[in-house]
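File shown: query17.txt (compact mmCIF, N, CA and C atoms).
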# COMPACT_ATOMS: atom_id res chain seq x y z
N MET A 429 87.71 87.26 96.14
CA MET A 429 86.65 87.77 96.98
C MET A 429 87.00 89.20 97.39
N ILE A 430 86.02 90.07 97.35
CA ILE A 430 86.21 91.45 97.77
C ILE A 430 85.68 91.58 99.19
N ARG A 431 86.47 92.21 100.06
CA ARG A 431 86.04 92.50 101.42
C ARG A 431 85.90 94.02 101.54
N LEU A 432 84.75 94.46 102.01
CA LEU A 432 84.49 95.89 102.17
C LEU A 432 84.40 96.21 103.66
N ASP A 433 85.09 97.27 104.05
CA ASP A 433 85.12 97.68 105.46
C ASP A 433 84.01 98.70 105.69
N CYS A 434 82.81 98.22 105.99
CA CYS A 434 81.67 99.10 106.23
C CYS A 434 81.95 99.95 107.46
N PRO A 435 81.78 101.28 107.36
CA PRO A 435 82.07 102.14 108.51
C PRO A 435 81.11 101.91 109.68
N PHE A 436 80.00 101.21 109.45
CA PHE A 436 79.02 100.97 110.51
C PHE A 436 79.07 99.54 111.04
N CYS A 437 79.38 98.57 110.18
CA CYS A 437 79.30 97.15 110.55
C CYS A 437 80.65 96.45 110.62
N GLY A 438 81.70 97.08 110.12
CA GLY A 438 83.01 96.43 110.08
C GLY A 438 83.23 95.72 108.76
N THR A 439 84.29 94.95 108.68
CA THR A 439 84.67 94.27 107.44
C THR A 439 83.70 93.14 107.13
N ARG A 440 83.20 93.15 105.89
CA ARG A 440 82.23 92.16 105.46
C ARG A 440 82.56 91.69 104.05
N ASP A 441 82.09 90.49 103.70
CA ASP A 441 82.24 89.95 102.36
C ASP A 441 81.35 90.73 101.39
N HIS A 442 81.79 90.85 100.15
CA HIS A 442 81.02 91.62 99.17
C HIS A 442 79.63 91.03 98.89
N ALA A 443 79.40 89.77 99.26
CA ALA A 443 78.10 89.15 99.04
C ALA A 443 76.99 89.81 99.86
N GLU A 444 77.36 90.55 100.91
CA GLU A 444 76.36 91.27 101.71
C GLU A 444 75.92 92.57 101.04
N PHE A 445 76.60 92.97 99.98
CA PHE A 445 76.38 94.26 99.34
C PHE A 445 75.80 94.08 97.94
N ALA A 446 75.10 95.10 97.48
CA ALA A 446 74.62 95.15 96.11
C ALA A 446 75.35 96.30 95.41
N TYR A 447 75.89 96.03 94.24
CA TYR A 447 76.60 97.06 93.47
C TYR A 447 75.59 98.10 93.00
N GLY A 448 75.90 99.36 93.22
CA GLY A 448 74.98 100.43 92.87
C GLY A 448 75.36 101.18 91.61
N GLY A 449 76.58 101.03 91.14
CA GLY A 449 76.97 101.70 89.91
C GLY A 449 78.12 102.66 90.09
N ASP A 450 78.40 103.36 89.01
CA ASP A 450 79.50 104.32 88.94
C ASP A 450 79.21 105.49 89.88
N GLY A 451 80.09 105.71 90.83
CA GLY A 451 79.89 106.77 91.81
C GLY A 451 80.27 108.15 91.32
N SER A 452 80.81 108.24 90.11
CA SER A 452 81.23 109.55 89.60
C SER A 452 80.18 110.19 88.69
N VAL A 453 79.08 109.49 88.43
CA VAL A 453 78.05 110.01 87.53
C VAL A 453 77.25 111.12 88.22
N THR A 454 77.07 112.22 87.52
CA THR A 454 76.21 113.30 88.00
C THR A 454 74.94 113.25 87.17
N TYR A 455 73.82 113.03 87.82
CA TYR A 455 72.55 112.93 87.11
C TYR A 455 71.97 114.32 86.85
N PRO A 456 71.26 114.47 85.73
CA PRO A 456 70.67 115.78 85.40
C PRO A 456 69.46 116.06 86.29
N PRO A 457 68.97 117.31 86.29
CA PRO A 457 67.75 117.61 87.04
C PRO A 457 66.57 116.81 86.49
N LEU A 458 65.55 116.62 87.31
CA LEU A 458 64.40 115.81 86.90
C LEU A 458 63.70 116.34 85.65
N ASP A 459 63.74 117.64 85.43
CA ASP A 459 63.07 118.21 84.27
C ASP A 459 63.98 118.34 83.05
N ALA A 460 65.14 117.70 83.09
CA ALA A 460 66.08 117.75 81.96
C ALA A 460 65.51 116.98 80.77
N PRO A 461 65.96 117.31 79.57
CA PRO A 461 65.50 116.59 78.38
C PRO A 461 65.82 115.10 78.45
N THR A 462 65.04 114.32 77.74
CA THR A 462 65.21 112.87 77.71
C THR A 462 66.63 112.48 77.29
N GLY A 463 67.20 113.20 76.35
CA GLY A 463 68.55 112.90 75.86
C GLY A 463 69.59 112.99 76.97
N ALA A 464 69.44 113.97 77.85
CA ALA A 464 70.39 114.11 78.96
C ALA A 464 70.29 112.93 79.91
N TRP A 465 69.06 112.48 80.17
CA TRP A 465 68.88 111.31 81.03
C TRP A 465 69.39 110.04 80.36
N HIS A 466 69.15 109.93 79.06
CA HIS A 466 69.66 108.76 78.33
C HIS A 466 71.18 108.67 78.47
N ASP A 467 71.86 109.79 78.25
CA ASP A 467 73.32 109.80 78.33
C ASP A 467 73.80 109.47 79.74
N ALA A 468 73.15 110.01 80.76
CA ALA A 468 73.58 109.78 82.15
C ALA A 468 73.38 108.33 82.57
N VAL A 469 72.31 107.72 82.09
CA VAL A 469 71.98 106.35 82.53
C VAL A 469 72.68 105.29 81.69
N PHE A 470 72.75 105.48 80.37
CA PHE A 470 73.21 104.41 79.50
C PHE A 470 74.61 104.57 78.92
N LEU A 471 75.13 105.79 78.81
CA LEU A 471 76.44 105.98 78.21
C LEU A 471 77.49 106.08 79.31
N ARG A 472 78.20 105.02 79.53
CA ARG A 472 79.18 104.97 80.62
C ARG A 472 80.54 104.53 80.09
N ASP A 473 81.55 105.03 80.75
CA ASP A 473 82.90 104.55 80.49
C ASP A 473 83.08 103.24 81.23
N ASN A 474 84.05 102.46 80.81
CA ASN A 474 84.40 101.23 81.50
C ASN A 474 85.89 101.32 81.84
N PRO A 475 86.23 102.16 82.82
CA PRO A 475 87.65 102.43 83.08
C PRO A 475 88.37 101.24 83.69
N LYS A 476 89.64 101.18 83.39
CA LYS A 476 90.52 100.17 83.96
C LYS A 476 91.36 100.87 85.01
N GLY A 477 91.29 100.38 86.24
CA GLY A 477 92.07 101.00 87.30
C GLY A 477 91.21 101.49 88.43
N ARG A 478 91.65 102.58 89.04
CA ARG A 478 91.02 103.13 90.24
C ARG A 478 89.73 103.89 89.90
N VAL A 479 88.62 103.50 90.54
CA VAL A 479 87.32 104.11 90.29
C VAL A 479 86.58 104.31 91.61
N VAL A 480 85.52 105.13 91.57
CA VAL A 480 84.63 105.30 92.71
C VAL A 480 83.29 104.69 92.33
N GLU A 481 82.76 103.82 93.20
CA GLU A 481 81.51 103.13 92.95
C GLU A 481 80.57 103.33 94.13
N THR A 482 79.29 103.10 93.91
CA THR A 482 78.35 103.07 95.02
C THR A 482 77.97 101.61 95.28
N TRP A 483 77.84 101.27 96.55
CA TRP A 483 77.44 99.94 96.98
C TRP A 483 76.39 100.10 98.08
N HIS A 484 75.41 99.22 98.10
CA HIS A 484 74.35 99.24 99.10
C HIS A 484 74.58 98.06 100.05
N HIS A 485 74.72 98.33 101.35
CA HIS A 485 74.92 97.24 102.32
C HIS A 485 73.56 96.60 102.62
N LEU A 486 73.12 95.83 101.67
CA LEU A 486 71.78 95.25 101.66
C LEU A 486 71.54 94.31 102.83
N HIS A 487 72.51 93.48 103.16
CA HIS A 487 72.34 92.49 104.23
C HIS A 487 73.10 92.91 105.49
N GLY A 488 73.06 94.18 105.77
CA GLY A 488 73.73 94.74 106.95
C GLY A 488 72.99 95.97 107.40
N CYS A 489 73.68 97.09 107.48
CA CYS A 489 73.10 98.34 107.98
C CYS A 489 72.20 99.03 106.97
N ARG A 490 72.18 98.55 105.71
CA ARG A 490 71.36 99.09 104.63
C ARG A 490 71.78 100.49 104.18
N MET A 491 72.99 100.91 104.52
CA MET A 491 73.50 102.22 104.11
C MET A 491 74.08 102.15 102.70
N TRP A 492 74.01 103.28 102.00
CA TRP A 492 74.68 103.43 100.72
C TRP A 492 76.09 103.92 100.99
N LEU A 493 77.05 103.31 100.30
CA LEU A 493 78.47 103.61 100.52
C LEU A 493 79.14 103.98 99.21
N ARG A 494 80.17 104.82 99.32
CA ARG A 494 81.04 105.14 98.18
C ARG A 494 82.34 104.37 98.39
N VAL A 495 82.64 103.50 97.45
CA VAL A 495 83.80 102.62 97.55
C VAL A 495 84.79 103.01 96.46
N GLU A 496 86.02 103.26 96.86
CA GLU A 496 87.08 103.53 95.89
C GLU A 496 87.90 102.25 95.78
N ARG A 497 87.94 101.67 94.56
CA ARG A 497 88.67 100.42 94.38
C ARG A 497 89.27 100.34 92.99
N ASP A 498 90.18 99.41 92.83
CA ASP A 498 90.84 99.17 91.56
C ASP A 498 90.08 98.06 90.82
N THR A 499 89.64 98.32 89.59
CA THR A 499 88.86 97.33 88.85
C THR A 499 89.71 96.17 88.33
N VAL A 500 91.02 96.32 88.36
CA VAL A 500 91.90 95.25 87.89
C VAL A 500 92.27 94.31 89.04
N THR A 501 92.73 94.88 90.15
CA THR A 501 93.20 94.07 91.28
C THR A 501 92.13 93.86 92.35
N HIS A 502 91.05 94.63 92.30
CA HIS A 502 89.97 94.64 93.30
C HIS A 502 90.44 95.14 94.66
N GLU A 503 91.59 95.80 94.70
CA GLU A 503 92.05 96.40 95.95
C GLU A 503 91.11 97.54 96.32
N VAL A 504 90.67 97.56 97.57
CA VAL A 504 89.77 98.61 98.06
C VAL A 504 90.61 99.65 98.80
N PHE A 505 90.48 100.92 98.40
CA PHE A 505 91.25 102.00 98.99
C PHE A 505 90.49 102.74 100.07
N SER A 506 89.17 102.89 99.89
CA SER A 506 88.37 103.58 100.91
C SER A 506 86.91 103.18 100.79
N VAL A 507 86.22 103.23 101.93
CA VAL A 507 84.78 103.00 101.99
C VAL A 507 84.22 104.09 102.88
N ARG A 508 83.31 104.90 102.33
CA ARG A 508 82.72 106.02 103.08
C ARG A 508 81.21 106.03 102.86
N PRO A 509 80.47 106.59 103.79
CA PRO A 509 79.03 106.74 103.56
C PRO A 509 78.79 107.61 102.32
N ALA A 510 77.78 107.28 101.55
CA ALA A 510 77.46 108.08 100.36
C ALA A 510 76.85 109.41 100.75
N HIS A 511 76.16 109.48 101.86
CA HIS A 511 75.53 110.73 102.30
C HIS A 511 76.62 111.63 102.88
N PRO A 512 76.79 112.84 102.35
CA PRO A 512 77.88 113.72 102.81
C PRO A 512 77.83 114.03 104.31
N GLY A 513 76.64 114.20 104.86
CA GLY A 513 76.53 114.50 106.29
C GLY A 513 77.04 113.37 107.17
N LEU A 514 76.75 112.14 106.80
CA LEU A 514 77.24 111.00 107.57
C LEU A 514 78.75 110.85 107.41
N ALA A 515 79.25 111.11 106.21
CA ALA A 515 80.70 111.02 105.98
C ALA A 515 81.43 112.03 106.86
N GLU A 516 80.91 113.24 106.95
CA GLU A 516 81.54 114.27 107.78
C GLU A 516 81.47 113.91 109.25
N ALA A 517 80.37 113.32 109.69
CA ALA A 517 80.19 112.97 111.09
C ALA A 517 81.19 111.90 111.54
N LEU A 518 81.60 111.04 110.60
CA LEU A 518 82.53 109.97 110.97
C LEU A 518 84.00 110.39 110.94
N GLU A 519 84.28 111.59 110.44
CA GLU A 519 85.68 112.03 110.35
C GLU A 519 86.20 112.46 111.70
Just dump the structure as structure tokens.
Amino acid sequence: MIRLDCPFCGTRDHAEFAYGGDGSVTYPPLDAPTGAWHDAVFLRDNPKGRVVETWHHLHGCRMWLRVERDTVTHEVFSVRPAHPGLAEALE
């Protein structure tokens, strides 16, 4: 079981969250060619080890979070708001 320490609600079970995807992906501008969008959405690495992901606290504060965790051990290293302004406000 993965436990995520939501900065707004405290430690919660991962069942309260929805996985949002790879947090390191940079999406192209809206007017970018279809090929650029195809690559950003469908061509992903499947790294083993420490990664950054986005999670949505669906059954809690409803905030989007950036979670740094290990894909092998599921150890969570950090949980921060995905919005940069909120992350700075909590520091």
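Picture a line from atom CA of A:Thr454 to atom CA of A:Met429; it runs 29.0 Å.
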If you count all atoms listed in the file, which residues fall within 6.5 Å of stretch 480-486 of chain A, apart from same-chain ones fewer than 2 positions away, as a list in words?
Glu444, Phe445, Ala446, Tyr447, Gly448, Gly449, Asp450, Gly451, Ser452, Arg478, Gly488, Cys489, Arg490, Met491, Trp492, Leu493, Arg494, Val495, Glu496 and Arg497 of chain A
Atom CA of A:Asn474 to atom CA of A:Pro509, distance in Å rounded to a single decimal:
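Interatomic distance here is 23.4 Å.
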Neighbours of point (86.5, 99.7, 86.3) within 7 Å, using all atoms listed in the file, written as JSON, numbers by chain
{"A": [474, 475, 476, 477, 478, 479, 498, 499, 500]}
Write out as a ChimeraX atom specification all residues of chain A that DSSP puts in strand (DSSP E or B) for this structure's backbone.
/A:431-434,438-441,446-450,478-484,492-498,504-509
